[in-house]
Amino acid sequence: MNELVLALHVSELSKQDALPEGLCDFDLTEVDPHAYAMLPRHIADNKKDMLEQSLRLARVFPQILGYFQIVNPDGSILTYQRKGKEKGLLGKWSIGVGGHVSHDDFLCVADSNWEELPAFLDILFEGSKRELEEELGINADWLEQFNSPDDFAEAIKSIIHSWEDDTSKMHLGLPMRIELSEHMLDSLNLEPAEFLNYQWLTPDELKLSGLEFETWSTILIDNM
């Protein structure tokens, strides 16, 4: 089965005035529970032979994912160089951790009797929690933001929307600051294949680093 990924109808952006490029205020609790689609990733996220079709689709149903800033007890932010899955971001630096919400997350929260569609927030919460645990090796249950979908929604205050490059055009990012305790920091497992040359930088160091950051990270750093 081809992977399906969560996408949000663009009307949910317009009704919250979140269409301008950059970092916009956004309230997940105001999103219509069924204003989403599960799209075939090989179509929605195709930057090769179906690029134009994927970009047109993204104007209606952009893919949405968490974009987490991991902060150590000293207040420094995990910063790393892209190496892996997203070829359009290869070599660029990032302060975001996260990934697509998939059909597995949809099925995980679906009613066993299929009496009604799962709610958007429940699917997003499940996928974001899974991605965080897979990427970092930590237990998301230790984080207040992941106690429940409502707590997750409360922790999200904004959305990143940009048309600067093809990757940004197809996606929406939900930034969240995640502060790690010393105990959680000790359990952090950063896979070298995904977190190349990682380091911990303060906001001031990020602004003065001279590194070439991906679009979403640049937007967040400019707003620090």
# chains A, B, ... in the order shown; residues from 1 in each chain; ligands from 1
>>> residues_around(residues="His100 (chain A)", least_positions_apart="5", cutoff="12 Å", atoms="only C-alpha atoms", output="PyMOL selection string")
chain A and resi 3-7+38-41+44-45+62-67+85-86+105-106+123-132+135+170-174
>>> write_last_selection(atoms="N, CA and C atoms", output="compact mmCIF listing (two decimals), in the first residue's frame")
# COMPACT_ATOMS: atom_id res chain seq x y z
N GLU A 3 1.89 4.99 0.88
CA GLU A 3 1.64 5.79 2.07
C GLU A 3 0.65 6.91 1.77
N LEU A 4 -0.27 7.12 2.71
CA LEU A 4 -1.18 8.26 2.67
C LEU A 4 -0.73 9.26 3.73
N VAL A 5 -0.85 10.56 3.42
CA VAL A 5 -0.40 11.59 4.36
C VAL A 5 -1.53 12.59 4.62
N LEU A 6 -1.52 13.13 5.82
CA LEU A 6 -2.56 14.06 6.26
C LEU A 6 -2.38 15.42 5.61
N ALA A 7 -3.47 15.97 5.07
CA ALA A 7 -3.46 17.30 4.47
C ALA A 7 -4.68 18.07 4.96
N MET A 38 -6.62 12.39 3.40
CA MET A 38 -5.46 11.51 3.45
C MET A 38 -5.05 11.26 2.00
N LEU A 39 -3.95 11.88 1.58
CA LEU A 39 -3.55 11.89 0.17
C LEU A 39 -2.41 10.91 -0.09
N PRO A 40 -2.40 10.29 -1.27
CA PRO A 40 -1.25 9.44 -1.62
C PRO A 40 0.03 10.28 -1.66
N ARG A 41 1.01 9.89 -0.88
CA ARG A 41 2.22 10.71 -0.78
C ARG A 41 2.96 10.79 -2.11
N ALA A 44 0.97 13.69 -3.73
CA ALA A 44 0.96 14.97 -3.01
C ALA A 44 2.35 15.53 -2.77
N ASP A 45 3.35 14.66 -2.68
CA ASP A 45 4.69 15.09 -2.30
C ASP A 45 5.71 14.75 -3.39
N PRO A 62 -2.69 21.37 1.34
CA PRO A 62 -1.29 21.24 1.74
C PRO A 62 -1.14 20.21 2.86
N GLN A 63 -0.04 19.46 2.80
CA GLN A 63 0.26 18.48 3.85
C GLN A 63 0.65 19.22 5.13
N ILE A 64 0.26 18.68 6.27
CA ILE A 64 0.50 19.37 7.54
C ILE A 64 1.25 18.46 8.50
N LEU A 65 2.21 19.03 9.22
CA LEU A 65 3.02 18.23 10.14
C LEU A 65 3.57 19.11 11.26
N GLY A 66 3.86 18.45 12.38
CA GLY A 66 4.50 19.14 13.49
C GLY A 66 5.94 19.50 13.15
N TYR A 67 6.41 20.61 13.74
CA TYR A 67 7.77 21.11 13.48
C TYR A 67 8.31 21.56 14.83
N LYS A 85 15.77 12.11 4.23
CA LYS A 85 14.64 11.80 3.38
C LYS A 85 14.25 12.91 2.41
N GLU A 86 14.27 14.16 2.84
CA GLU A 86 13.77 15.25 2.02
C GLU A 86 14.88 15.83 1.16
N ASP A 105 -1.46 6.37 11.35
CA ASP A 105 -1.97 7.21 12.45
C ASP A 105 -3.48 7.37 12.34
N PHE A 106 -3.96 7.53 11.11
CA PHE A 106 -5.41 7.59 10.86
C PHE A 106 -6.10 6.33 11.37
N ILE A 123 -5.97 12.68 14.74
CA ILE A 123 -5.01 12.08 13.81
C ILE A 123 -3.68 12.81 13.89
N LEU A 124 -3.74 14.14 13.90
CA LEU A 124 -2.52 14.95 13.97
C LEU A 124 -1.75 14.69 15.25
N PHE A 125 -2.45 14.59 16.36
CA PHE A 125 -1.82 14.31 17.65
C PHE A 125 -1.12 12.96 17.63
N GLU A 126 -1.80 11.95 17.13
CA GLU A 126 -1.23 10.60 17.09
C GLU A 126 0.03 10.57 16.23
N GLY A 127 -0.02 11.20 15.05
CA GLY A 127 1.12 11.20 14.16
C GLY A 127 2.28 12.00 14.70
N SER A 128 1.99 13.13 15.32
CA SER A 128 3.05 13.98 15.88
C SER A 128 3.75 13.29 17.04
N LYS A 129 2.99 12.62 17.87
CA LYS A 129 3.57 11.88 18.99
C LYS A 129 4.46 10.75 18.48
N ARG A 130 3.98 10.02 17.50
CA ARG A 130 4.78 8.92 16.93
C ARG A 130 6.07 9.44 16.31
N GLU A 131 5.99 10.51 15.54
CA GLU A 131 7.18 11.06 14.89
C GLU A 131 8.21 11.52 15.92
N LEU A 132 7.74 12.18 16.97
CA LEU A 132 8.65 12.66 18.00
C LEU A 132 9.38 11.50 18.65
N GLU A 135 11.84 9.89 15.99
CA GLU A 135 12.98 10.72 15.63
C GLU A 135 13.98 10.89 16.78
N MET A 170 4.33 22.77 -0.54
CA MET A 170 3.49 21.58 -0.40
C MET A 170 3.10 21.28 1.04
N HIS A 171 3.66 22.01 2.00
CA HIS A 171 3.49 21.65 3.41
C HIS A 171 3.11 22.85 4.28
N LEU A 172 2.54 22.54 5.42
CA LEU A 172 2.30 23.49 6.51
C LEU A 172 3.00 22.97 7.75
N GLY A 173 3.66 23.87 8.49
CA GLY A 173 4.35 23.47 9.69
C GLY A 173 3.70 24.01 10.95
N LEU A 174 3.64 23.19 11.97
CA LEU A 174 3.10 23.59 13.27
C LEU A 174 4.25 23.61 14.27
>>> residues_around(residues="Asn197 (chain A)", least_positions_apart="3", cutoff="12 Å", atoms="only C-alpha atoms", output="list in words")
Leu78, Thr79, Tyr80, Gln81, Arg82, Lys83, Gly91, Lys92, Trp93, Ser94, Leu190, Glu191, Pro192, Ala193, Glu194 and Trp200 of chain A
>>> write_last_selection(atoms="N, CA, C and O atoms", output="PDB file, in the first residue's frame")
ATOM      1  N   LEU A  78      18.287  22.408  19.589  1.00  0.00           N
ATOM      2  CA  LEU A  78      18.899  21.401  18.732  1.00  0.00           C
ATOM      3  C   LEU A  78      18.941  21.912  17.294  1.00  0.00           C
ATOM      4  O   LEU A  78      17.913  22.276  16.719  1.00  0.00           O
ATOM      5  N   THR A  79      20.135  21.920  16.720  1.00  0.00           N
ATOM      6  CA  THR A  79      20.360  22.423  15.371  1.00  0.00           C
ATOM      7  C   THR A  79      21.144  21.366  14.604  1.00  0.00           C
ATOM      8  O   THR A  79      22.150  20.863  15.099  1.00  0.00           O
ATOM      9  N   TYR A  80      20.682  21.036  13.414  1.00  0.00           N
ATOM     10  CA  TYR A  80      21.328  19.955  12.671  1.00  0.00           C
ATOM     11  C   TYR A  80      21.258  20.208  11.176  1.00  0.00           C
ATOM     12  O   TYR A  80      20.481  21.051  10.698  1.00  0.00           O
ATOM     13  N   GLN A  81      22.068  19.459  10.446  1.00  0.00           N
ATOM     14  CA  GLN A  81      22.114  19.587   9.000  1.00  0.00           C
ATOM     15  C   GLN A  81      21.326  18.446   8.360  1.00  0.00           C
ATOM     16  O   GLN A  81      21.462  17.289   8.753  1.00  0.00           O
ATOM     17  N   ARG A  82      20.500  18.782   7.376  1.00  0.00           N
ATOM     18  CA  ARG A  82      19.673  17.785   6.709  1.00  0.00           C
ATOM     19  C   ARG A  82      20.526  16.836   5.858  1.00  0.00           C
ATOM     20  O   ARG A  82      21.384  17.267   5.106  1.00  0.00           O
ATOM     21  N   LYS A  83      20.238  15.547   5.995  1.00  0.00           N
ATOM     22  CA  LYS A  83      20.968  14.562   5.217  1.00  0.00           C
ATOM     23  C   LYS A  83      20.053  13.544   4.554  1.00  0.00           C
ATOM     24  O   LYS A  83      20.369  13.018   3.488  1.00  0.00           O
ATOM     25  N   GLY A  91      21.444  19.175   2.931  1.00  0.00           N
ATOM     26  CA  GLY A  91      22.565  20.056   3.225  1.00  0.00           C
ATOM     27  C   GLY A  91      22.195  21.308   3.991  1.00  0.00           C
ATOM     28  O   GLY A  91      23.075  21.973   4.551  1.00  0.00           O
ATOM     29  N   LYS A  92      20.909  21.653   4.037  1.00  0.00           N
ATOM     30  CA  LYS A  92      20.495  22.853   4.770  1.00  0.00           C
ATOM     31  C   LYS A  92      20.374  22.531   6.264  1.00  0.00           C
ATOM     32  O   LYS A  92      20.230  21.390   6.671  1.00  0.00           O
ATOM     33  N   TRP A  93      20.426  23.583   7.066  1.00  0.00           N
ATOM     34  CA  TRP A  93      20.358  23.432   8.518  1.00  0.00           C
ATOM     35  C   TRP A  93      18.935  23.623   9.004  1.00  0.00           C
ATOM     36  O   TRP A  93      18.136  24.333   8.375  1.00  0.00           O
ATOM     37  N   SER A  94      18.630  22.996  10.127  1.00  0.00           N
ATOM     38  CA  SER A  94      17.259  22.995  10.622  1.00  0.00           C
ATOM     39  C   SER A  94      17.216  23.058  12.144  1.00  0.00           C
ATOM     40  O   SER A  94      18.126  22.570  12.822  1.00  0.00           O
ATOM     41  N   LEU A 190      19.836  10.522  18.790  1.00  0.00           N
ATOM     42  CA  LEU A 190      19.838  11.222  17.513  1.00  0.00           C
ATOM     43  C   LEU A 190      20.557  10.380  16.469  1.00  0.00           C
ATOM     44  O   LEU A 190      21.775  10.215  16.532  1.00  0.00           O
ATOM     45  N   GLU A 191      19.818   9.859  15.527  1.00  0.00           N
ATOM     46  CA  GLU A 191      20.370   9.005  14.478  1.00  0.00           C
ATOM     47  C   GLU A 191      21.251   9.836  13.542  1.00  0.00           C
ATOM     48  O   GLU A 191      20.783  10.799  12.930  1.00  0.00           O
ATOM     49  N   PRO A 192      22.535   9.497  13.428  1.00  0.00           N
ATOM     50  CA  PRO A 192      23.456  10.275  12.590  1.00  0.00           C
ATOM     51  C   PRO A 192      22.995  10.411  11.142  1.00  0.00           C
ATOM     52  O   PRO A 192      23.289  11.408  10.486  1.00  0.00           O
ATOM     53  N   ALA A 193      22.275   9.425  10.639  1.00  0.00           N
ATOM     54  CA  ALA A 193      21.811   9.491   9.256  1.00  0.00           C
ATOM     55  C   ALA A 193      20.778  10.591   9.044  1.00  0.00           C
ATOM     56  O   ALA A 193      20.577  11.053   7.922  1.00  0.00           O
ATOM     57  N   GLU A 194      20.132  11.033  10.128  1.00  0.00           N
ATOM     58  CA  GLU A 194      19.122  12.082  10.030  1.00  0.00           C
ATOM     59  C   GLU A 194      19.581  13.397  10.642  1.00  0.00           C
ATOM     60  O   GLU A 194      19.199  14.471  10.173  1.00  0.00           O
ATOM     61  N   TRP A 200      24.026  22.363  19.732  1.00  0.00           N
ATOM     62  CA  TRP A 200      23.035  23.099  20.504  1.00  0.00           C
ATOM     63  C   TRP A 200      23.391  24.580  20.462  1.00  0.00           C
ATOM     64  O   TRP A 200      24.483  24.969  20.873  1.00  0.00           O
TER      65      TRP A 200
END
>>> closest_residue(among="A:Ser11, A:Tyr36, A:Phe120, A:Thr167", to="Lys48 (chain A)", atoms="only C-alpha atoms")
A:Thr167
>>> closest_residue(among="A:Leu143, A:Ile178, A:Leu8, A:Ile95", to="Pro203 (chain A)", atoms="only C-alpha atoms")
A:Ile95
>>> residues_around(residues="Arg59 (chain A)", least_positions_apart="4", cutoff="9 Å", atoms="only C-alpha atoms", output="list in words")
His9, Val10, Ser54, Leu55, Lys169 and Met170 of chain A
>>> closest_residue(among="A:Leu180, A:Leu51, A:Ala58, A:Leu208", to="Asp74 (chain A)", atoms="only C-alpha atoms")
A:Leu180
>>> select_by_dssp(residues="region 36-223 of chain A", states="alpha helix (DSSP H)", output="ChimeraX atom specification")
/A:41-44,51-58,103-109,120-136,149-155,166-169,182-186,203-208,215-222
>>> atom_distance(atom1="CA of Ser76 (chain A)", atom2="CA of Ile221 (chain A)")
12.7 Å
>>> closest_residue(among="A:Ala140, A:Val97, A:Ile160, A:Met184", to="Ile77 (chain A)", atoms="only C-alpha atoms")
A:Val97
